[in-house]
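Working notes for the structure below.
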Amino acid sequence: MRKSIYAYAMMLALPVIVLMTSCEPRGLTAEDVILSEESQLAEMLDAENPEGYKIYNINDLLDTFMTEPGNFMSDSSRYRTRSYYNGLYLFSIDTFPKGGPGIYIRARVATDDYGGNFYKSMVLQQVNDWSQEGYPEIDQQCLRVSLDMGSAGGMFHQGQEMIIRCNGLAIGRYANQPQLCIPTNNNNIYAGSAEEKTGWAPGRITSGQFRNAAHMIGMPDVSKLVYDDISMVVLTANYIKKYSNVVAARKADGRLIRIRDVHFNGKYDEMNSGPTPCNHYKADSTDLGNPETDKNACTFGPTTGNVGYPQSRFVADKTNKYQVLISTSEYARYAYYYLPAEKYVGSITGVLGYYMDNGNYAPDGGEWSITPCSMADILPECQAEGADPRWEPVEWKLGVPQPEDE
C-alpha cells in the first residue's frame, strides 16, 4: 500500500519537476537583441508599424520635423530666457507624433562614453544615403542623442549600427546643437545665471524609452565610421567658415573630425579676452593651478564649481595662426591630466561641436570645439612607443609641482 501511495505521489510530482526545469531562465544571446539579417529588420518594421513607416536620413529628419520655434508649447517664454538670438532659437523642442506611421533613423554609434567625455549622451553617424548603393560622395550626417543611461556604451558600443523609432520622442536644440531627446523643464536655482536658464529644453531620453525605440543591427564595426581628415588650416579657414552661421552650423555639429599636425599652446578661452595662458601648478599654493579649485589650471578639464559646462583648451597649427578649442568634461577620466607641452605635435580625433547657449551675444568663433572620446584620441603619435619626443601623460597631484616641460 505504501509503495502504491509513493508511486502515485511521484507521478504527480514529475510534471511539476519538468515544468520547473523548463522555466529555468537562460542568458541572453546575440540573436535575442541584434538583428543580424536585413530580412529580420524588414519583418520587425512591418510588425511594429501596421500603418507603415519611413526611414529618414538624419538631415531629412531635421528638415522635416525640426522647426525654428518648435511645437512644444505656445507662449513666448516656453524656452530659456536667453535662448533667442536674432530671430533664431538656440533652444527648441519639436515633438514627434506618438502614433501613425513609424518614423525611423538608421545610423552608427560614433562615440564611446568609457572616457567620461560623453556621459549620458552619444553621437550617431550616418554616411550618405542608406537607400542608395554606391552613393558617390562621402558626406557625414550626424545627430546627438541625450540619454538618461549611465555607461550606455556598455550596451551600445562604438561602431554599432542601430535603427531608432522616433515616435513619441522629440527633436530639439540645446545650445543650437540638434539632438534626439524628450522635453524637460529646468528650474535649477543653483545654476550660474539661473534666472536666464529656467524653462523648457531638450532633456534625456529615459533608459526604458530608448531600449524600446532602438534596435541593434549586426555587430559593432568601428572601421565603418568616417572621419573628415583635415589640417587646421582647412578646418578653420574653410570648413568652419562654410558653416559659420547659426543655422548652417546645425548640420555640421556632431561630425567626426581628425585634425593633424597640431599642438596645445597652454591657453584657454577667456571671455572678452580671447586665448589666455593657463595657470601652472607650483605646489606653493593650494589654489593657483590646482584643478580642484582653479578653473584656469593647465589641465584638460579643471573644476567648474559644479556648474558642469565643458572646459576648453586651445590647440594650434605650427604657425600658431590657426587654432581651435578642445573640449573636455570636468568628469572625464583624464580631466586632471596636465596639457601636453607645445613640443608634442600630432593628431586629435573627436566630435566637432557648435555650442552657443546665450542669445544675448553675437557668435565670435569660440562656439566651435572638438570633443575627443578619451585620452587615446589626443596626440596618439606622441604616446606611441618609440615616439621622439614621447609624451607620457601626467596627472595632477596635490603638493607635486607640474613638470617643467609640461
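Every chain in the C-alpha cells takes a letter, A first, then B, and so on in the order presented; its residues are numbered from 1, and the ligands are numbered from 1 following the presented order.
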
Tell me which protein, DNA and RNA residues are within 6 Å of stretch 209-221 of chain A, counting only C-alpha atoms, leaving out same-chain ones fewer than 2 positions away, and put them as an MDAnalysis selection string. chainID A and resid 34:36 159:165 206:207 223:224

*Can you list, as a ChimeraX atom specification, every protein, DNA or RNA residue that comes within 10 Å of A:Ala252 when you count only C-alpha atoms, leaving out same-chain residues fewer than 2 positions away?*
/A:140-143,177,239-240,242-244,247-250,254-256,352-354

Save the residues we just selected, N, CA, C and O atoms, as a compact mmCIF listing (two decimals), in the first residue's frame?
```
# COMPACT_ATOMS: atom_id res chain seq x y z
N GLN A 140 29.05 63.12 -44.22
CA GLN A 140 28.54 62.74 -42.92
C GLN A 140 27.22 63.44 -42.59
O GLN A 140 27.03 64.60 -42.91
N GLN A 141 26.34 62.70 -41.93
CA GLN A 141 25.16 63.27 -41.30
C GLN A 141 25.16 62.73 -39.88
O GLN A 141 25.15 61.51 -39.68
N CYS A 142 25.21 63.61 -38.90
CA CYS A 142 25.37 63.18 -37.52
C CYS A 142 24.30 63.81 -36.63
O CYS A 142 23.80 64.89 -36.92
N LEU A 143 23.99 63.12 -35.54
CA LEU A 143 22.97 63.61 -34.62
C LEU A 143 23.31 63.17 -33.20
O LEU A 143 23.66 62.01 -32.96
N GLN A 177 22.64 72.85 -30.64
CA GLN A 177 23.04 71.51 -31.05
C GLN A 177 21.81 70.62 -31.22
O GLN A 177 21.15 70.29 -30.22
N TYR A 239 36.42 74.88 -43.61
CA TYR A 239 35.35 74.03 -43.09
C TYR A 239 34.42 74.81 -42.16
O TYR A 239 33.21 74.89 -42.36
N ILE A 240 34.99 75.38 -41.09
CA ILE A 240 34.17 76.11 -40.13
C ILE A 240 33.56 77.36 -40.77
O ILE A 240 32.42 77.73 -40.49
N LYS A 242 32.53 77.69 -43.76
CA LYS A 242 31.39 77.26 -44.57
C LYS A 242 30.13 77.14 -43.73
O LYS A 242 29.03 77.40 -44.19
N TYR A 243 30.29 76.74 -42.46
CA TYR A 243 29.15 76.53 -41.57
C TYR A 243 29.11 77.60 -40.48
O TYR A 243 28.72 77.32 -39.34
N SER A 244 29.55 78.82 -40.82
CA SER A 244 29.76 79.83 -39.79
C SER A 244 28.48 80.41 -39.22
O SER A 244 28.46 80.89 -38.09
N VAL A 247 22.40 78.78 -38.38
CA VAL A 247 21.56 77.73 -38.98
C VAL A 247 22.42 76.66 -39.66
O VAL A 247 22.21 75.47 -39.48
N ALA A 248 23.41 77.07 -40.44
CA ALA A 248 24.26 76.11 -41.13
C ALA A 248 25.06 75.27 -40.14
O ALA A 248 25.34 74.09 -40.40
N ALA A 249 25.41 75.86 -39.00
CA ALA A 249 26.20 75.14 -38.01
C ALA A 249 25.48 73.91 -37.48
O ALA A 249 26.11 72.94 -37.04
N ARG A 250 24.17 73.91 -37.53
CA ARG A 250 23.39 72.76 -37.02
C ARG A 250 23.65 71.50 -37.82
O ARG A 250 23.54 70.40 -37.29
N GLY A 254 28.39 67.69 -34.58
CA GLY A 254 28.38 66.25 -34.39
C GLY A 254 29.25 65.47 -35.35
O GLY A 254 29.44 64.27 -35.17
N ARG A 255 29.81 66.12 -36.35
CA ARG A 255 30.63 65.39 -37.32
C ARG A 255 31.95 64.91 -36.70
O ARG A 255 32.50 65.56 -35.81
N LEU A 256 32.44 63.80 -37.20
CA LEU A 256 33.71 63.25 -36.72
C LEU A 256 34.85 63.90 -37.49
O LEU A 256 34.86 63.92 -38.72
N LEU A 352 33.10 67.27 -33.72
CA LEU A 352 33.02 68.71 -33.92
C LEU A 352 31.72 69.23 -33.33
O LEU A 352 30.65 68.66 -33.57
N GLY A 353 31.81 70.28 -32.53
CA GLY A 353 30.61 70.82 -31.90
C GLY A 353 30.49 72.32 -32.07
O GLY A 353 31.49 73.04 -32.14
N TYR A 354 29.25 72.79 -32.14
CA TYR A 354 28.95 74.22 -32.17
C TYR A 354 28.03 74.49 -31.00
O TYR A 354 26.86 74.12 -31.02
```

- [ ] Would you please work out which residue, of A:Arg204, A:Arg260, A:Lys54, A:Lys241, is nearest to A:Gly102 when using only C-alpha atoms?
- [x]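 Of A:Arg204, A:Arg260, A:Lys54, A:Lys241, the one nearest A:Gly102 is A:Lys54, counting only C-alpha atoms.
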
Practice item. Would you list, as JSON, numbers by chain, the residues of stretch 140-359 of chain A that end up in alpha helix (DSSP H) under DSSP run on this structure's backbone? Key: {"A": [194, 195, 196, 197, 207, 208, 209, 210, 211, 212, 213, 232, 233, 240, 241, 242, 246, 247, 248, 249, 250, 251, 252]}

For N, CA, C and O atoms, I'd like the residues from the last selection saved as a CSV table (one decimal), in the first residue's frame.
```csv
chain,number,residue,atom,x,y,z
A,194,ALA,N,21.0,81.6,-13.1
A,194,ALA,CA,19.8,80.7,-13.0
A,194,ALA,C,18.6,81.3,-13.6
A,194,ALA,O,17.8,80.7,-14.3
A,195,GLU,N,18.5,82.7,-13.4
A,195,GLU,CA,17.3,83.3,-13.9
A,195,GLU,C,17.2,83.3,-15.5
A,195,GLU,O,16.1,83.5,-16.1
A,196,GLU,N,18.4,83.1,-16.1
A,196,GLU,CA,18.4,83.0,-17.6
A,196,GLU,C,18.3,81.6,-18.1
A,196,GLU,O,18.1,81.4,-19.3
A,197,LYS,N,18.3,80.6,-17.2
A,197,LYS,CA,18.4,79.2,-17.7
A,197,LYS,C,17.1,78.4,-17.3
A,197,LYS,O,17.1,77.2,-17.5
A,207,SER,N,16.0,55.4,-20.0
A,207,SER,CA,16.6,54.2,-20.4
A,207,SER,C,15.6,53.3,-21.0
A,207,SER,O,15.8,52.7,-22.1
A,208,GLY,N,14.4,53.1,-20.4
A,208,GLY,CA,13.4,52.2,-20.9
A,208,GLY,C,12.9,52.7,-22.2
A,208,GLY,O,12.7,51.9,-23.1
A,209,GLN,N,12.7,54.0,-22.4
A,209,GLN,CA,12.2,54.5,-23.7
A,209,GLN,C,13.2,54.2,-24.8
A,209,GLN,O,12.8,53.8,-25.9
A,210,PHE,N,14.5,54.4,-24.5
A,210,PHE,CA,15.5,54.2,-25.6
A,210,PHE,C,15.6,52.7,-25.9
A,210,PHE,O,15.8,52.4,-27.1
A,211,ARG,N,15.6,51.9,-24.9
A,211,ARG,CA,15.7,50.4,-25.2
A,211,ARG,C,14.6,49.9,-26.1
A,211,ARG,O,14.7,49.0,-26.9
A,212,ASN,N,13.4,50.5,-25.8
A,212,ASN,CA,12.2,50.1,-26.7
A,212,ASN,C,12.3,50.7,-28.1
A,212,ASN,O,11.8,50.1,-29.0
A,213,ALA,N,12.9,51.8,-28.2
A,213,ALA,CA,13.0,52.5,-29.5
A,213,ALA,C,14.1,52.1,-30.4
A,213,ALA,O,14.0,52.1,-31.6
A,232,MET,N,44.5,71.9,-39.8
A,232,MET,CA,44.0,73.0,-39.0
A,232,MET,C,43.6,74.2,-39.9
A,232,MET,O,42.6,74.8,-39.7
A,233,VAL,N,44.4,74.4,-41.0
A,233,VAL,CA,44.1,75.5,-41.9
A,233,VAL,C,42.8,75.3,-42.6
A,233,VAL,O,41.9,76.1,-42.7
A,240,ILE,N,35.0,75.4,-41.1
A,240,ILE,CA,34.2,76.1,-40.1
A,240,ILE,C,33.6,77.4,-40.8
A,240,ILE,O,32.4,77.7,-40.5
A,241,LYS,N,34.3,78.0,-41.7
A,241,LYS,CA,33.8,79.2,-42.3
A,241,LYS,C,32.5,78.9,-43.1
A,241,LYS,O,31.6,79.6,-43.2
A,242,LYS,N,32.5,77.7,-43.8
A,242,LYS,CA,31.4,77.3,-44.6
A,242,LYS,C,30.1,77.1,-43.7
A,242,LYS,O,29.0,77.4,-44.2
A,246,VAL,N,24.5,80.5,-37.7
A,246,VAL,CA,23.9,79.7,-36.7
A,246,VAL,C,23.1,78.5,-37.3
A,246,VAL,O,23.1,77.4,-36.7
A,247,VAL,N,22.4,78.8,-38.4
A,247,VAL,CA,21.6,77.7,-39.0
A,247,VAL,C,22.4,76.7,-39.7
A,247,VAL,O,22.2,75.5,-39.5
A,248,ALA,N,23.4,77.1,-40.4
A,248,ALA,CA,24.3,76.1,-41.1
A,248,ALA,C,25.1,75.3,-40.1
A,248,ALA,O,25.3,74.1,-40.4
A,249,ALA,N,25.4,75.9,-39.0
A,249,ALA,CA,26.2,75.1,-38.0
A,249,ALA,C,25.5,73.9,-37.5
A,249,ALA,O,26.1,72.9,-37.0
A,250,ARG,N,24.2,73.9,-37.5
A,250,ARG,CA,23.4,72.8,-37.0
A,250,ARG,C,23.7,71.5,-37.8
A,250,ARG,O,23.5,70.4,-37.3
A,251,LYS,N,24.0,71.6,-39.1
A,251,LYS,CA,24.3,70.5,-39.9
A,251,LYS,C,25.7,70.0,-39.8
A,251,LYS,O,26.0,68.9,-40.1
A,252,ALA,N,26.6,70.9,-39.3
A,252,ALA,CA,28.0,70.5,-39.1
A,252,ALA,C,28.2,69.9,-37.7
A,252,ALA,O,29.2,69.1,-37.5
```

Exercise. Separation of atom CA of A:Asn57 and atom CA of A:Ala152, in Å?
Worked result: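 Between atom CA of A:Asn57 and atom CA of A:Ala152 the gap works out to 23.3 Å.
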
Atomic distance atom CA of A:Ser92 - atom CA of A:Phe156, expressed in Å with one decimal: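 That distance, rounded to one decimal, is 26.9 Å.
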